[in-house]
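*Asks:* Input input-v4.txt, format and content: compact mmCIF, N, CA and C atoms.
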# COMPACT_ATOMS: atom_id res chain seq x y z
N MET K 1 64.83 223.29 116.02
CA MET K 1 65.39 222.74 117.24
C MET K 1 64.26 222.63 118.28
N LYS K 2 64.13 221.46 118.88
CA LYS K 2 63.11 221.27 119.91
C LYS K 2 63.54 221.93 121.22
N VAL K 3 62.56 222.48 121.91
CA VAL K 3 62.79 223.10 123.21
C VAL K 3 62.30 222.12 124.26
N LEU K 4 63.21 221.66 125.12
CA LEU K 4 62.87 220.67 126.13
C LEU K 4 63.13 221.21 127.53
N TYR K 5 62.13 221.07 128.36
CA TYR K 5 62.26 221.41 129.77
C TYR K 5 62.98 220.25 130.45
N ILE K 6 64.03 220.54 131.19
CA ILE K 6 64.79 219.50 131.89
C ILE K 6 64.34 219.51 133.35
N ALA K 7 63.73 218.42 133.80
CA ALA K 7 63.28 218.28 135.18
C ALA K 7 64.25 217.34 135.90
N HIS K 8 64.58 217.69 137.13
CA HIS K 8 65.54 216.92 137.93
C HIS K 8 65.23 217.18 139.40
N PRO K 9 65.41 216.19 140.27
CA PRO K 9 65.19 216.43 141.70
C PRO K 9 66.12 217.53 142.23
N LEU K 10 65.61 218.34 143.13
CA LEU K 10 66.43 219.41 143.71
C LEU K 10 66.56 219.29 145.22
N GLU K 11 65.47 218.90 145.90
CA GLU K 11 65.49 218.89 147.37
C GLU K 11 66.50 217.90 147.93
N GLY K 12 66.82 218.09 149.19
CA GLY K 12 67.82 217.24 149.84
C GLY K 12 69.19 217.86 149.67
N ASP K 13 70.04 217.18 148.93
CA ASP K 13 71.40 217.64 148.65
C ASP K 13 71.34 218.63 147.49
N ILE K 14 70.97 219.86 147.79
CA ILE K 14 70.74 220.85 146.73
C ILE K 14 71.98 221.07 145.89
N SER K 15 73.13 221.24 146.52
CA SER K 15 74.36 221.48 145.78
C SER K 15 74.69 220.30 144.87
N GLY K 16 74.62 219.09 145.41
CA GLY K 16 74.90 217.90 144.60
C GLY K 16 73.89 217.71 143.49
N ASN K 17 72.61 217.96 143.79
CA ASN K 17 71.57 217.81 142.77
C ASN K 17 71.71 218.85 141.67
N LEU K 18 72.10 220.07 142.03
CA LEU K 18 72.33 221.09 141.00
C LEU K 18 73.48 220.67 140.08
N GLY K 19 74.52 220.11 140.65
CA GLY K 19 75.65 219.64 139.84
C GLY K 19 75.23 218.54 138.88
N ARG K 20 74.47 217.57 139.39
CA ARG K 20 73.98 216.48 138.53
C ARG K 20 73.03 217.02 137.46
N ALA K 21 72.16 217.94 137.84
CA ALA K 21 71.22 218.54 136.88
C ALA K 21 71.97 219.25 135.76
N LYS K 22 73.01 219.97 136.10
CA LYS K 22 73.80 220.67 135.09
C LYS K 22 74.44 219.67 134.13
N ARG K 23 74.86 218.51 134.64
CA ARG K 23 75.45 217.49 133.76
C ARG K 23 74.38 216.94 132.80
N TRP K 24 73.15 216.75 133.29
CA TRP K 24 72.05 216.31 132.42
C TRP K 24 71.75 217.35 131.34
N ILE K 25 71.74 218.62 131.73
CA ILE K 25 71.48 219.69 130.76
C ILE K 25 72.57 219.71 129.69
N ARG K 26 73.82 219.62 130.12
CA ARG K 26 74.95 219.59 129.18
C ARG K 26 74.83 218.38 128.26
N TRP K 27 74.48 217.23 128.82
CA TRP K 27 74.34 215.98 128.06
C TRP K 27 73.26 216.14 126.98
N ALA K 28 72.10 216.68 127.33
CA ALA K 28 71.01 216.85 126.36
C ALA K 28 71.42 217.81 125.26
N PHE K 29 72.04 218.92 125.63
CA PHE K 29 72.44 219.93 124.66
C PHE K 29 73.55 219.42 123.74
N THR K 30 74.50 218.69 124.31
CA THR K 30 75.66 218.22 123.55
C THR K 30 75.31 217.08 122.60
N ASN K 31 74.44 216.17 123.04
CA ASN K 31 74.21 214.95 122.27
C ASN K 31 72.98 214.97 121.37
N PHE K 32 72.12 215.94 121.54
CA PHE K 32 70.90 216.01 120.75
C PHE K 32 70.67 217.46 120.36
N GLU K 33 69.98 217.66 119.27
CA GLU K 33 69.73 219.03 118.81
C GLU K 33 68.52 219.59 119.55
N VAL K 34 68.75 220.01 120.78
CA VAL K 34 67.68 220.55 121.62
C VAL K 34 68.15 221.85 122.28
N SER K 35 67.17 222.66 122.60
CA SER K 35 67.41 223.85 123.41
C SER K 35 66.85 223.55 124.80
N PRO K 36 67.72 223.35 125.79
CA PRO K 36 67.24 222.98 127.13
C PRO K 36 66.74 224.18 127.93
N VAL K 37 65.67 223.95 128.69
CA VAL K 37 65.11 224.95 129.58
C VAL K 37 65.15 224.38 130.99
N ALA K 38 65.76 225.12 131.90
CA ALA K 38 65.84 224.70 133.31
C ALA K 38 65.98 225.94 134.18
N ASP K 39 64.94 226.74 134.22
CA ASP K 39 64.96 227.99 134.98
C ASP K 39 65.27 227.76 136.46
N TRP K 40 64.85 226.63 136.98
CA TRP K 40 65.00 226.33 138.40
C TRP K 40 66.47 226.24 138.81
N VAL K 41 67.37 225.91 137.86
CA VAL K 41 68.80 225.87 138.18
C VAL K 41 69.26 227.29 138.53
N LEU K 42 68.90 228.25 137.71
CA LEU K 42 69.26 229.63 137.97
C LEU K 42 68.58 230.15 139.23
N LEU K 43 67.29 229.90 139.36
CA LEU K 43 66.55 230.40 140.52
C LEU K 43 67.09 229.82 141.83
N ALA K 44 67.42 228.55 141.84
CA ALA K 44 67.96 227.93 143.05
C ALA K 44 69.33 228.51 143.40
N THR K 45 70.06 228.95 142.40
CA THR K 45 71.37 229.56 142.62
C THR K 45 71.23 230.99 143.15
N ILE K 46 70.30 231.72 142.59
CA ILE K 46 70.08 233.11 143.01
C ILE K 46 69.49 233.17 144.42
N PHE K 47 68.50 232.28 144.66
CA PHE K 47 67.79 232.30 145.94
C PHE K 47 68.26 231.14 146.82
N ASP K 48 69.57 231.09 147.08
CA ASP K 48 70.10 229.98 147.87
C ASP K 48 69.81 230.11 149.36
N ASP K 49 69.34 231.25 149.79
CA ASP K 49 68.93 231.43 151.19
C ASP K 49 67.51 230.92 151.33
N ARG K 50 67.30 229.88 152.10
CA ARG K 50 65.99 229.24 152.25
C ARG K 50 64.86 230.22 152.58
N GLY K 51 65.17 231.29 153.32
CA GLY K 51 64.13 232.24 153.68
C GLY K 51 63.74 233.16 152.54
N MET K 52 64.48 233.12 151.45
CA MET K 52 64.27 234.06 150.36
C MET K 52 63.40 233.52 149.23
N TRP K 53 63.05 232.26 149.24
CA TRP K 53 62.32 231.74 148.10
C TRP K 53 61.13 230.90 148.51
N SER K 54 60.20 230.83 147.61
CA SER K 54 58.98 230.08 147.83
C SER K 54 58.89 228.95 146.81
N ARG K 55 58.88 227.72 147.29
CA ARG K 55 58.80 226.55 146.42
C ARG K 55 57.57 226.63 145.52
N ASP K 56 56.43 227.06 146.07
CA ASP K 56 55.20 227.15 145.28
C ASP K 56 55.35 228.16 144.14
N ARG K 57 55.98 229.28 144.44
CA ARG K 57 56.16 230.29 143.38
C ARG K 57 57.11 229.76 142.31
N PHE K 58 58.17 229.08 142.72
CA PHE K 58 59.09 228.50 141.74
C PHE K 58 58.36 227.48 140.85
N LEU K 59 57.56 226.61 141.46
CA LEU K 59 56.86 225.60 140.68
C LEU K 59 55.85 226.23 139.73
N LYS K 60 55.24 227.31 140.14
CA LYS K 60 54.30 228.02 139.25
C LYS K 60 55.05 228.54 138.02
N ALA K 61 56.24 229.10 138.23
CA ALA K 61 57.06 229.58 137.12
C ALA K 61 57.49 228.41 136.24
N ASP K 62 57.89 227.30 136.87
CA ASP K 62 58.31 226.11 136.12
C ASP K 62 57.19 225.60 135.23
N VAL K 63 55.99 225.48 135.80
CA VAL K 63 54.85 224.96 135.04
C VAL K 63 54.54 225.87 133.85
N SER K 64 54.65 227.18 134.03
CA SER K 64 54.38 228.08 132.92
C SER K 64 55.37 227.86 131.78
N LEU K 65 56.61 227.51 132.11
CA LEU K 65 57.60 227.21 131.07
C LEU K 65 57.38 225.84 130.45
N VAL K 66 57.07 224.85 131.27
CA VAL K 66 56.81 223.51 130.75
C VAL K 66 55.75 223.58 129.66
N GLU K 67 54.70 224.34 129.90
CA GLU K 67 53.58 224.41 128.96
C GLU K 67 53.96 225.05 127.62
N LYS K 68 55.09 225.75 127.58
CA LYS K 68 55.53 226.41 126.35
C LYS K 68 56.58 225.60 125.59
N CYS K 69 57.03 224.50 126.17
CA CYS K 69 58.08 223.69 125.56
C CYS K 69 57.49 222.60 124.65
N ASP K 70 58.37 222.00 123.86
CA ASP K 70 57.97 220.88 123.00
C ASP K 70 57.89 219.57 123.77
N GLY K 71 58.58 219.51 124.90
CA GLY K 71 58.60 218.29 125.69
C GLY K 71 59.31 218.52 127.00
N ILE K 72 59.28 217.48 127.82
CA ILE K 72 59.94 217.53 129.13
C ILE K 72 60.77 216.25 129.28
N LEU K 73 62.01 216.41 129.76
CA LEU K 73 62.86 215.28 130.09
C LEU K 73 62.87 215.13 131.61
N LEU K 74 62.49 213.96 132.08
CA LEU K 74 62.56 213.65 133.51
C LEU K 74 63.88 212.95 133.75
N THR K 75 64.74 213.54 134.57
CA THR K 75 66.10 213.03 134.76
C THR K 75 66.41 212.91 136.24
N GLY K 76 67.56 212.32 136.55
CA GLY K 76 68.06 212.33 137.91
C GLY K 76 67.79 211.09 138.74
N GLY K 77 67.29 210.03 138.13
CA GLY K 77 67.14 208.77 138.84
C GLY K 77 65.84 208.55 139.58
N ARG K 78 65.04 209.60 139.77
CA ARG K 78 63.75 209.45 140.45
C ARG K 78 62.88 210.65 140.11
N ILE K 79 61.60 210.52 140.35
CA ILE K 79 60.67 211.63 140.13
C ILE K 79 60.32 212.22 141.49
N SER K 80 60.74 213.44 141.71
CA SER K 80 60.46 214.14 142.96
C SER K 80 59.04 214.70 142.91
N PRO K 81 58.51 215.14 144.05
CA PRO K 81 57.17 215.74 144.04
C PRO K 81 57.06 216.94 143.09
N GLY K 82 58.08 217.77 143.02
CA GLY K 82 58.06 218.90 142.09
C GLY K 82 58.07 218.44 140.64
N MET K 83 58.86 217.42 140.34
CA MET K 83 58.90 216.87 138.99
C MET K 83 57.55 216.30 138.59
N GLU K 84 56.85 215.69 139.55
CA GLU K 84 55.53 215.13 139.26
C GLU K 84 54.56 216.25 138.87
N ILE K 85 54.65 217.39 139.53
CA ILE K 85 53.82 218.55 139.17
C ILE K 85 54.16 219.00 137.75
N GLU K 86 55.44 219.05 137.42
CA GLU K 86 55.87 219.44 136.08
C GLU K 86 55.43 218.42 135.04
N ARG K 87 55.54 217.14 135.38
CA ARG K 87 55.12 216.07 134.47
C ARG K 87 53.62 216.16 134.17
N LEU K 88 52.82 216.36 135.20
CA LEU K 88 51.37 216.48 135.01
C LEU K 88 51.02 217.71 134.18
N ALA K 89 51.75 218.80 134.36
CA ALA K 89 51.53 220.00 133.54
C ALA K 89 51.80 219.70 132.07
N ALA K 90 52.86 218.93 131.82
CA ALA K 90 53.18 218.56 130.44
C ALA K 90 52.08 217.70 129.84
N LEU K 91 51.60 216.73 130.60
CA LEU K 91 50.52 215.87 130.10
C LEU K 91 49.27 216.69 129.81
N ARG K 92 48.91 217.61 130.70
CA ARG K 92 47.74 218.46 130.48
C ARG K 92 47.90 219.31 129.22
N ALA K 93 49.13 219.75 128.96
CA ALA K 93 49.41 220.60 127.80
C ALA K 93 49.56 219.78 126.52
N GLY K 94 49.59 218.47 126.64
CA GLY K 94 49.71 217.60 125.47
C GLY K 94 51.10 217.56 124.87
N ILE K 95 52.11 217.81 125.69
CA ILE K 95 53.48 217.75 125.17
C ILE K 95 54.15 216.44 125.58
N SER K 96 55.22 216.09 124.88
CA SER K 96 55.92 214.83 125.11
C SER K 96 56.56 214.79 126.49
N VAL K 97 56.42 213.65 127.16
CA VAL K 97 57.09 213.40 128.43
C VAL K 97 58.08 212.25 128.19
N ILE K 98 59.34 212.53 128.38
CA ILE K 98 60.39 211.53 128.16
C ILE K 98 61.03 211.23 129.51
N ASP K 99 60.77 210.04 130.04
CA ASP K 99 61.24 209.67 131.37
C ASP K 99 62.58 208.94 131.26
N LEU K 100 63.64 209.62 131.65
CA LEU K 100 64.98 209.04 131.63
C LEU K 100 65.47 208.69 133.03
N THR K 101 64.57 208.70 134.01
CA THR K 101 64.98 208.43 135.38
C THR K 101 65.55 207.02 135.54
N ARG K 102 65.17 206.11 134.67
CA ARG K 102 65.66 204.73 134.77
C ARG K 102 67.17 204.63 134.57
N PHE K 103 67.79 205.68 134.02
CA PHE K 103 69.23 205.67 133.81
C PHE K 103 70.01 206.06 135.06
N GLY K 104 69.31 206.47 136.10
CA GLY K 104 69.97 206.81 137.35
C GLY K 104 70.27 208.29 137.46
N PRO K 105 71.03 208.65 138.49
CA PRO K 105 71.27 210.07 138.77
C PRO K 105 72.17 210.78 137.76
N GLU K 106 73.00 210.05 137.06
CA GLU K 106 73.94 210.65 136.10
C GLU K 106 73.52 210.32 134.66
N PRO K 107 73.83 211.20 133.72
CA PRO K 107 73.47 210.95 132.32
C PRO K 107 74.19 209.72 131.77
N PRO K 108 73.51 208.95 130.92
CA PRO K 108 74.12 207.76 130.32
C PRO K 108 74.95 208.11 129.10
N ASN K 109 75.64 207.11 128.61
CA ASN K 109 76.31 207.23 127.34
C ASN K 109 75.23 207.49 126.29
N PRO K 110 75.41 208.50 125.42
CA PRO K 110 74.33 208.86 124.49
C PRO K 110 73.89 207.74 123.55
N ASN K 111 74.77 206.81 123.21
CA ASN K 111 74.35 205.75 122.29
C ASN K 111 73.39 204.76 122.94
N LEU K 112 73.17 204.85 124.25
CA LEU K 112 72.21 203.99 124.92
C LEU K 112 70.79 204.55 124.88
N VAL K 113 70.62 205.72 124.32
CA VAL K 113 69.33 206.39 124.39
C VAL K 113 68.78 206.64 122.98
N GLU K 114 68.72 205.59 122.18
CA GLU K 114 68.20 205.71 120.82
C GLU K 114 66.76 206.18 120.81
N GLU K 115 65.97 205.75 121.80
CA GLU K 115 64.58 206.15 121.83
C GLU K 115 64.42 207.66 121.97
N LEU K 116 65.31 208.30 122.71
CA LEU K 116 65.25 209.75 122.84
C LEU K 116 65.51 210.41 121.49
N ALA K 117 66.52 209.93 120.79
CA ALA K 117 66.83 210.49 119.48
C ALA K 117 65.64 210.35 118.54
N LEU K 118 64.98 209.20 118.58
CA LEU K 118 63.79 209.01 117.74
C LEU K 118 62.68 209.95 118.12
N LEU K 119 62.44 210.12 119.40
CA LEU K 119 61.38 211.03 119.86
C LEU K 119 61.68 212.47 119.45
N LEU K 120 62.94 212.85 119.50
CA LEU K 120 63.29 214.22 119.18
C LEU K 120 63.22 214.48 117.67
N ARG K 121 63.28 213.44 116.86
CA ARG K 121 63.18 213.60 115.40
C ARG K 121 61.74 213.66 114.93
N THR K 122 60.80 213.22 115.73
CA THR K 122 59.41 213.22 115.29
C THR K 122 58.84 214.64 115.39
N PRO K 123 57.94 214.97 114.47
CA PRO K 123 57.38 216.35 114.47
C PRO K 123 56.49 216.62 115.66
In C-alpha cells, how does this file's structure come out?

*Replies:*
Amino acid sequence: MKVLYIAHPLEGDISGNLGRAKRWIRWAFTNFEVSPVADWVLLATIFDDRGMWSRDRFLKADVSLVEKCDGILLTGGRISPGMEIERLAALRAGISVIDLTRFGPEPPNPNLVEELALLLRTP
C-alpha cells in the first residue's frame, strides 16, 4: 500500500478547509489503495488557539513526513504557500507529486481520476 501525504490549504476559513481536507482524505482512502498521511489535520484541531501554535514548526513537521512518504497529493483547488513548501520538499526527496488542485475544492468522482490510479499502481 502506498503512503501518500495529503496536502490541502488550511489558512483563511480553517474550519471549512479542515472539513474539505477530511473529505479529500476519505476520498483517497476509499477509492484507492493508499494510506493517507495528514498530520496537520490533527495538529490544527489540537492547537486551535492561534497563540498556541507555530506555523513554521508545523511545516517543519509536515516536511519531515512528506520526505518519508511515497508521494504527495495536492488537493483543495489551489496551492497555498504551505503546500508549496511541502511540494518542494517532495521534489527534493524525489517522490511523486500528484496535483489534483484542478478538480477544485471538493474531491471528484473517482472514475474521473484514472491518471491517479495509474500513478498509484506504478512501483

*Asks:* Just to confirm, what's the straight-line distance from atom C of Leu65 (chain K) to CA of Arg23 (chain K) in Å (one decimal)?

*Replies:*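 Taking atom C of Leu65 (chain K) and CA of Arg23 (chain K), their separation equals 20.2 Å.
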
*Asks:* Which of these residues is nearest to Gly104 (chain K), using only C-alpha atoms: K:Val63, K:Leu43, K:Ala21, K:Ile85?

*Replies:* K:Ala21

*Asks:* Mind the document's chain letters and residue numbers, and return as a PyMOL selection string the residues of region 23-98 of chain K that DSSP labels strand (DSSP E or B).

*Replies:* chain K and resi 34-37+71-74+96-98

*Asks:* Could you check how far atom C of Ala89 (chain K) sits from atom N of Val3 (chain K), in Å to one decimal?

*Replies:*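 Atom-to-atom, atom C of Ala89 (chain K) to atom N of Val3 (chain K), that is 15.1 Å.
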
*Asks:* Leaving out Asp70 (chain K) and any residue of its chain fewer than 2 positions from it, which residues lie within 6 Å of it when counting only N, CA and C atoms, given as a ChimeraX atom specification?

*Replies:* /K:2-5,68,72,95-96
